[in-house]
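Asks: Take a look at work-v9.pdb, PDB, C-alpha atoms:
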```pdb
ATOM      1  CA  MET O  28       9.606   3.813   2.572
ATOM      2  CA  LEU O  29      12.917   2.679   1.092
ATOM      3  CA  THR O  30      12.759   4.238  -2.385
ATOM      4  CA  PRO O  31      14.681   7.523  -2.740
ATOM      5  CA  ASP O  32      12.146  10.252  -3.629
ATOM      6  CA  GLY O  33       9.342   7.697  -3.390
ATOM      7  CA  ASP O  34       5.723   8.866  -3.369
ATOM      8  CA  ARG O  35       2.899   7.861  -1.030
ATOM      9  CA  LEU O  36       2.858   4.342  -2.504
ATOM     10  CA  GLY O  37       6.640   4.004  -2.412
ATOM     11  CA  TYR O  38       7.222   4.543  -6.143
ATOM     12  CA  ALA O  39       9.456   6.968  -8.049
ATOM     13  CA  PRO O  40       9.930   7.556 -11.806
ATOM     14  CA  VAL O  41      12.871   5.735 -13.365
ATOM     15  CA  PRO O  42      15.424   8.173 -14.820
ATOM     16  CA  ARG O  43      15.785   8.165 -18.588
ATOM     17  CA  PRO O  44      17.278   6.669 -20.661
ATOM     18  CA  TYR O  45      16.274   3.193 -19.493
ATOM     19  CA  THR O  46      19.227   0.822 -19.241
ATOM     20  CA  GLY O  47      19.909  -2.696 -17.987
ATOM     21  CA  ALA O  48      16.885  -4.450 -16.492
ATOM     22  CA  ARG O  49      14.827  -1.315 -17.044
ATOM     23  CA  ARG O  50      15.419  -1.489 -20.783
ATOM     24  CA  LEU O  51      14.238  -5.114 -20.719
ATOM     25  CA  THR O  52      10.986  -4.192 -18.978
ATOM     26  CA  GLY O  53       7.972  -3.014 -20.944
ATOM     27  CA  VAL O  54       4.212  -3.048 -21.178
ATOM     28  CA  LEU O  55       2.065  -6.009 -22.113
ATOM     29  CA  LEU O  56      -1.170  -4.965 -23.789
ATOM     30  CA  GLY O  57      -4.251  -7.090 -24.405
ATOM     31  CA  ARG O  58      -8.019  -7.069 -24.619
ATOM     32  CA  ASP O  59     -10.637  -9.092 -22.787
ATOM     33  CA  PRO O  60     -13.095 -10.156 -25.520
ATOM     34  CA  VAL O  61     -15.938 -10.811 -23.073
ATOM     35  CA  ALA O  62     -15.636  -7.784 -20.794
ATOM     36  CA  LYS O  63     -14.526  -5.721 -23.818
ATOM     37  CA  THR O  64     -11.887  -3.951 -21.755
ATOM     38  CA  ASP O  65      -8.256  -3.204 -22.504
ATOM     39  CA  VAL O  66      -5.606  -4.634 -20.190
ATOM     40  CA  LEU O  67      -2.243  -3.041 -19.371
ATOM     41  CA  CYS O  68       0.408  -4.968 -17.446
ATOM     42  CA  GLY O  69       4.157  -5.121 -17.146
ATOM     43  CA  GLY O  70       6.498  -7.738 -18.560
ATOM     44  CA  THR O  71      10.211  -8.464 -18.681
ATOM     45  CA  VAL O  72      12.478 -10.230 -21.147
ATOM     46  CA  ILE O  73      13.655 -13.456 -19.497
ATOM     47  CA  SER O  74      16.824 -15.155 -20.701
ATOM     48  CA  SER O  75      16.125 -18.260 -22.771
ATOM     49  CA  ARG O  76      17.662 -20.356 -25.521
ATOM     50  CA  SER O  77      14.860 -19.274 -27.833
ATOM     51  CA  ARG O  78      15.595 -15.618 -27.008
ATOM     52  CA  SER O  79      11.882 -14.925 -27.400
ATOM     53  CA  LEU O  80      10.257 -15.171 -23.947
ATOM     54  CA  VAL O  81       8.673 -12.547 -21.692
ATOM     55  CA  LEU O  82       7.771 -13.035 -18.026
ATOM     56  CA  THR O  83       4.535 -11.574 -16.662
ATOM     57  CA  ALA O  84       1.639 -12.433 -14.333
ATOM     58  CA  ALA O  85      -0.857 -15.152 -15.245
ATOM     59  CA  HIS O  86      -3.817 -12.832 -14.669
ATOM     60  CA  CYS O  87      -2.399 -10.536 -17.357
ATOM     61  CA  LEU O  88      -2.939 -13.372 -19.854
ATOM     62  CA  TYR O  89      -5.986 -15.338 -18.732
ATOM     63  CA  HIS O  90      -9.290 -14.033 -17.342
ATOM     64  CA  ASP O  91     -11.740 -16.646 -16.057
ATOM     65  CA  GLY O  92     -10.024 -19.381 -18.039
ATOM     66  CA  ARG O  93      -9.947 -17.519 -21.352
ATOM     67  CA  LEU O  94      -6.868 -16.146 -23.071
ATOM     68  CA  LEU O  95      -6.899 -12.416 -23.755
ATOM     69  CA  GLU O  96      -6.845 -11.237 -27.352
ATOM     70  CA  HIS O  97      -4.456  -8.995 -29.286
ATOM     71  CA  LEU O  98      -1.636  -9.491 -26.767
ATOM     72  CA  ALA O  99       1.577  -7.631 -27.540
ATOM     73  CA  PHE O 100       4.780  -6.721 -25.693
ATOM     74  CA  LEU O 101       6.418  -3.288 -26.032
ATOM     75  CA  PRO O 102       9.909  -3.375 -24.460
ATOM     76  CA  GLY O 103      11.343  -0.136 -23.106
ATOM     77  CA  PHE O 104       7.969   1.579 -23.536
ATOM     78  CA  ASP O 105       8.189   5.300 -22.724
ATOM     79  CA  ARG O 106       5.869   8.264 -23.180
ATOM     80  CA  GLY O 107       3.556   6.331 -25.474
ATOM     81  CA  ARG O 108       6.335   5.164 -27.783
ATOM     82  CA  PRO O 109       7.801   1.654 -28.246
ATOM     83  CA  PRO O 110      11.486   2.348 -29.060
ATOM     84  CA  MET O 111      12.180  -1.328 -29.790
ATOM     85  CA  GLY O 112       8.973  -2.074 -31.616
ATOM     86  CA  VAL O 113       5.723  -3.906 -30.969
ATOM     87  CA  TRP O 114       6.102  -7.666 -30.477
ATOM     88  CA  PRO O 115       2.881  -9.655 -30.981
ATOM     89  CA  VAL O 116       2.360 -12.606 -28.650
ATOM     90  CA  VAL O 117       2.238 -15.904 -30.559
ATOM     91  CA  ARG O 118       2.029 -18.311 -27.583
ATOM     92  CA  ALA O 119       1.185 -18.031 -23.890
ATOM     93  CA  TRP O 120       1.717 -20.323 -20.906
ATOM     94  CA  VAL O 121       0.312 -20.227 -17.378
ATOM     95  CA  PRO O 122       0.163 -22.936 -14.687
ATOM     96  CA  ALA O 123      -2.680 -25.410 -15.235
ATOM     97  CA  LYS O 124      -4.182 -24.526 -11.858
ATOM     98  CA  TRP O 125      -4.530 -20.902 -12.906
ATOM     99  CA  ARG O 126      -6.074 -21.753 -16.260
ATOM    100  CA  THR O 127      -8.578 -24.361 -15.092
ATOM    101  CA  ARG O 128      -9.769 -23.318 -11.630
ATOM    102  CA  PRO O 129     -12.079 -20.462 -10.595
ATOM    103  CA  TYR O 130     -10.148 -17.526  -9.178
ATOM    104  CA  SER O 131      -9.397 -17.538  -5.462
ATOM    105  CA  SER O 132      -6.580 -16.229  -3.279
ATOM    106  CA  GLU O 133      -5.261 -19.802  -3.116
ATOM    107  CA  LEU O 134      -4.182 -19.419  -6.745
ATOM    108  CA  LEU O 135      -1.894 -16.434  -6.112
ATOM    109  CA  PRO O 136       1.251 -18.611  -5.754
ATOM    110  CA  TYR O 137       0.610 -19.609  -9.391
ATOM    111  CA  ASP O 138       0.052 -16.085 -10.750
ATOM    112  CA  VAL O 139       2.985 -16.222 -13.141
ATOM    113  CA  GLY O 140       3.026 -16.594 -16.905
ATOM    114  CA  LEU O 141       5.222 -16.572 -19.982
ATOM    115  CA  VAL O 142       4.604 -15.401 -23.509
ATOM    116  CA  GLY O 143       6.494 -16.086 -26.684
ATOM    117  CA  VAL O 144       6.735 -13.119 -29.032
ATOM    118  CA  ALA O 145       7.727 -12.759 -32.670
ATOM    119  CA  SER O 146       8.218  -9.856 -35.062
ATOM    120  CA  GLY O 147       9.894 -10.704 -38.339
ATOM    121  CA  ARG O 148      12.830 -13.114 -38.324
ATOM    122  CA  ARG O 149      14.889 -11.615 -35.496
ATOM    123  CA  PRO O 150      14.382 -12.950 -31.950
ATOM    124  CA  LEU O 151      13.454 -10.519 -29.198
ATOM    125  CA  GLU O 152      16.810 -10.631 -27.396
ATOM    126  CA  SER O 153      18.658  -9.672 -30.584
ATOM    127  CA  VAL O 154      16.918  -6.294 -30.266
ATOM    128  CA  THR O 155      16.636  -5.757 -26.504
ATOM    129  CA  GLY O 156      19.859  -7.444 -25.415
ATOM    130  CA  LYS O 157      20.182 -10.533 -23.254
ATOM    131  CA  GLY O 158      17.211 -11.205 -21.002
ATOM    132  CA  LEU O 159      17.346 -11.477 -17.225
ATOM    133  CA  SER O 160      18.038 -14.763 -15.464
ATOM    134  CA  PRO O 161      15.401 -16.253 -13.148
ATOM    135  CA  MET O 162      16.260 -16.607  -9.469
ATOM    136  CA  PRO O 163      14.231 -19.470  -7.993
ATOM    137  CA  THR O 164      13.505 -19.202  -4.273
ATOM    138  CA  THR O 165      11.607 -21.441  -1.899
ATOM    139  CA  ARG O 166       9.001 -20.825   0.760
ATOM    140  CA  GLY O 167      10.359 -19.002   3.764
ATOM    141  CA  THR O 168      13.016 -17.070   1.853
ATOM    142  CA  GLY O 169      12.957 -13.358   2.651
ATOM    143  CA  LEU O 170      14.674 -10.857   0.366
ATOM    144  CA  ARG O 171      15.806  -7.384   1.368
ATOM    145  CA  GLY O 172      16.158  -4.602  -1.165
ATOM    146  CA  LEU O 173      14.002  -5.951  -3.977
ATOM    147  CA  GLU O 174      13.359  -3.541  -6.843
ATOM    148  CA  LEU O 175       9.872  -3.593  -8.351
ATOM    149  CA  LEU O 176       9.383  -2.125 -11.828
ATOM    150  CA  GLY O 177       6.114  -1.313 -13.539
ATOM    151  CA  TYR O 178       3.872   1.092 -15.396
ATOM    152  CA  PRO O 179       1.236   2.183 -12.864
ATOM    153  CA  ALA O 180      -1.879   3.819 -14.298
ATOM    154  CA  GLY O 181      -4.603   5.872 -12.638
ATOM    155  CA  ARG O 182      -4.427   7.620  -9.269
ATOM    156  CA  GLY O 183      -2.127  10.245 -10.778
ATOM    157  CA  TYR O 184       0.064   7.787 -12.686
ATOM    158  CA  PRO O 185       0.252   8.107 -16.481
ATOM    159  CA  GLY O 186       0.609   4.430 -17.443
ATOM    160  CA  THR O 187       3.216   5.508 -19.993
ATOM    161  CA  ARG O 188       6.299   5.843 -17.815
ATOM    162  CA  LEU O 189       8.365   3.292 -15.909
ATOM    163  CA  TYR O 190       8.376   3.518 -12.102
ATOM    164  CA  ARG O 191      10.417   1.710  -9.468
ATOM    165  CA  CYS O 192       9.981   0.835  -5.817
ATOM    166  CA  VAL O 193      12.482  -0.653  -3.380
ATOM    167  CA  GLY O 194      11.102  -3.009  -0.766
ATOM    168  CA  ASP O 195      11.941  -5.750   1.702
ATOM    169  CA  ALA O 196       9.918  -8.924   1.171
ATOM    170  CA  VAL O 197       8.859 -11.548   3.686
ATOM    171  CA  GLU O 198       7.032 -14.841   3.268
ATOM    172  CA  GLY O 199       3.300 -14.576   2.740
ATOM    173  CA  VAL O 200       0.790 -17.038   4.127
ATOM    174  CA  SER O 201       0.201 -19.476   1.277
ATOM    175  CA  GLU O 202       0.542 -22.990  -0.014
ATOM    176  CA  GLY O 203       2.414 -24.321  -3.027
ATOM    177  CA  PRO O 204       5.545 -22.453  -4.164
ATOM    178  CA  GLY O 205       4.857 -19.623  -1.739
ATOM    179  CA  LEU O 206       4.428 -15.873  -1.977
ATOM    180  CA  MET O 207       6.413 -12.833  -0.955
ATOM    181  CA  VAL O 208       4.841  -9.720   0.544
ATOM    182  CA  THR O 209       6.364  -6.251   0.795
ATOM    183  CA  ARG O 210       4.852  -3.396   2.789
ATOM    184  CA  ASN O 211       7.307  -0.859   1.363
ATOM    185  CA  CYS O 212       5.577  -0.842  -2.033
ATOM    186  CA  HIS O 213       1.863  -0.503  -2.765
ATOM    187  CA  ALA O 214       1.367  -1.351  -6.434
ATOM    188  CA  ALA O 215      -1.308   0.537  -8.361
ATOM    189  CA  ALA O 216      -3.263  -0.711 -11.375
ATOM    190  CA  GLY O 217      -0.923  -1.384 -14.274
ATOM    191  CA  GLY O 218       1.884  -2.532 -12.004
ATOM    192  CA  SER O 219       0.875  -6.187 -12.261
ATOM    193  CA  GLY O 220       3.220  -8.445 -14.182
ATOM    194  CA  GLY O 221       6.233  -6.224 -13.583
ATOM    195  CA  PRO O 222       9.435  -7.808 -12.287
ATOM    196  CA  ALA O 223      10.678  -8.128  -8.728
ATOM    197  CA  LEU O 224      14.451  -7.884  -9.105
ATOM    198  CA  TYR O 225      17.116  -9.031  -6.691
ATOM    199  CA  GLY O 226      20.743  -8.443  -7.578
ATOM    200  CA  GLY O 227      19.799  -8.028 -11.222
ATOM    201  CA  ALA O 228      17.944 -11.357 -11.387
ATOM    202  CA  LEU O 229      14.231 -12.110 -11.606
ATOM    203  CA  ALA O 230      13.029 -13.218  -8.180
ATOM    204  CA  GLY O 231       9.311 -12.875  -8.910
ATOM    205  CA  VAL O 232       6.505 -10.906 -10.507
ATOM    206  CA  VAL O 233       4.056  -8.387  -9.096
ATOM    207  CA  SER O 234       0.760 -10.205  -8.565
ATOM    208  CA  SER O 235      -1.631  -8.008  -6.588
ATOM    209  CA  SER O 236      -1.947  -5.505  -3.772
ATOM    210  CA  SER O 237      -4.286  -4.398  -1.039
ATOM    211  CA  PRO O 238      -6.782  -1.605  -1.886
ATOM    212  CA  LEU O 239      -5.063   1.743  -2.427
ATOM    213  CA  SER O 240      -7.231   3.174   0.341
ATOM    214  CA  ASP O 241      -5.415   0.898   2.792
ATOM    215  CA  ALA O 242      -3.105   3.111   4.870
ATOM    216  CA  LYS O 243      -0.879   0.100   5.544
ATOM    217  CA  GLY O 244      -0.894  -1.196   2.008
ATOM    218  CA  TYR O 245       1.170  -4.060   0.693
ATOM    219  CA  THR O 246       2.068  -5.808  -2.558
ATOM    220  CA  VAL O 247       1.992  -9.555  -3.200
ATOM    221  CA  LEU O 248       4.773 -11.075  -5.311
ATOM    222  CA  THR O 249       4.665 -14.504  -6.940
ATOM    223  CA  ARG O 250       7.913 -16.430  -6.619
ATOM    224  CA  LEU O 251       9.747 -18.083  -9.494
ATOM    225  CA  GLY O 252      10.164 -21.213  -7.441
ATOM    226  CA  GLY O 253       9.485 -24.891  -7.576
ATOM    227  CA  ARG O 254       9.117 -27.418 -10.340
ATOM    228  CA  PRO O 255       5.877 -26.009 -11.826
ATOM    229  CA  PHE O 256       7.594 -22.835 -13.028
ATOM    230  CA  GLN O 257      10.647 -24.671 -14.345
ATOM    231  CA  ARG O 258       8.495 -27.144 -16.274
ATOM    232  CA  MET O 259       6.450 -24.309 -17.740
ATOM    233  CA  PHE O 260       9.607 -22.414 -18.701
ATOM    234  CA  ASP O 261      11.140 -25.488 -20.370
ATOM    235  CA  ARG O 262       7.957 -26.136 -22.379
ATOM    236  CA  ALA O 263       7.756 -22.526 -23.493
ATOM    237  CA  ASP O 264      11.408 -22.312 -24.478
ATOM    238  CA  ARG O 265      11.256 -25.538 -26.460
ATOM    239  CA  ALA O 266       8.085 -24.493 -28.271
ATOM    240  CA  MET O 267       9.597 -21.171 -29.305
ATOM    241  CA  ARG O 268      12.851 -22.798 -30.444
ATOM    242  CA  LEU O 269      10.900 -25.175 -32.681
ATOM    243  CA  ARG O 270       8.654 -22.456 -34.077
ATOM    244  CA  PRO O 271       9.501 -21.554 -37.696
ATOM    245  CA  ALA O 272      11.079 -18.108 -38.045
ATOM    246  CA  GLY O 273       9.265 -15.325 -39.847
TER
END
```
Represent the supplied structure as structure tokens.
Replies:
Amino acid sequence: MLTPDGDRLGYAPVPRPYTGARRLTGVLLGRDPVAKTDVLCGGTVISSRSRSLVLTAAHCLYHDGRLLEHLAFLPGFDRGRPPMGVWPVVRAWVPAKWRTRPYSSELLPYDVGLVGVASGRRPLESVTGKGLSPMPTTRGTGLRGLELLGYPAGRGYPGTRLYRCVGDAVEGVSEGPGLMVTRNCHAAAGGSGGPALYGGALAGVVSSSSPLSDAKGYTVLTRLGGRPFQRMFDRADRAMRLRPAG
């Protein structure tokens, strides 16, 4: 365990008030219209020319090829309150492989998504402050001292407070852009979609973890690497820049 005062899964509550990257992190809420279940994930404001994009995990947006309903981002969420408002999702982007193929572990390197949000005429970053910059990495890159942020729920976690975990990440066994795995953090439900930060930049997103009953648990992180992510980001940013305000 690397997190000061970390619990059995390596996580500790983030001190209030939330500042910096922690202020830019929030919850992403949605509903699966088929399963009729509510979904809670994490998300982070990512720097863009449109100033309206949020980074999360693809599985927080699409289930079995269908987009979730009533998606909204609540930056800086704390104790059930959204201090910077509720930002409805107006567009969502995930890699084509994630959207069109049946789920399998081979898709985990593509478990990353973006949403465009809008609330009135002001862009998101005019309220939250400048978003975080992406840090693309390639397969084989290990990162020491990553900080994972999220809103774990269940197993004693409230789902309404931001938690952090510090971990060292190594390359996971995968194809495509590659994955990172940390055994210092064992993400619980609700932690998906939260950022993996390195030096204040976005190095990846929390994708999944081994069962919480696993005594040697681990968390899988999807990299922000390769051309697929950059192409998706460019499409999303352009679409939000061209979207009429209001």
Asks: Name the residues in contact with region 138-154 of chain O at a cut-off of 8 Å, using all atoms listed in the file, excluding same-chain residues fewer than 5 positions from it; report them as a PyMOL selection string.
Replies: chain O and resi 72+77-86+88+99-100+111+113-122+125+220+232+234+249+251+260+263+267+272-273
Asks: Which residues are near region 55-59 of chain O? Cut-off 7 Å, all atoms listed in the file, ignore same chain within fewer than 3 positions. Put them as JSON, numbers by chain.
Replies: {"O": [62, 63, 64, 65, 66, 67, 68, 69, 70, 95, 96, 97, 98, 99, 100, 101]}
Asks: What is the CA of Pro185 (chain O) to CA of Thr71 (chain O) distance in Å?
Replies: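 That distance, rounded to one decimal, is 19.5 Å.
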Asks: So that I can see what lies close to Met162 (chain O), please list as a list in words the residues with an atom at most 12 Å from it, counting all atoms listed in the file and leaving out residues fewer than 2 positions away in the same chain.
Replies: Ile73, Ser74, Leu159, Ser160, Thr164, Thr165, Thr168, Leu170, Pro222, Ala223, Leu224, Tyr225, Gly226, Gly227, Ala228, Leu229, Ala230, Gly231, Val232, Arg250, Leu251, Gly252, Gly253, Phe256 and Gln257 of chain O
Asks: Could you tell me how far CA of Gly183 (chain O) lies from CA of Thr46 (chain O), in Å and to one decimal?
Replies: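 These two atoms are separated by 24.8 Å.
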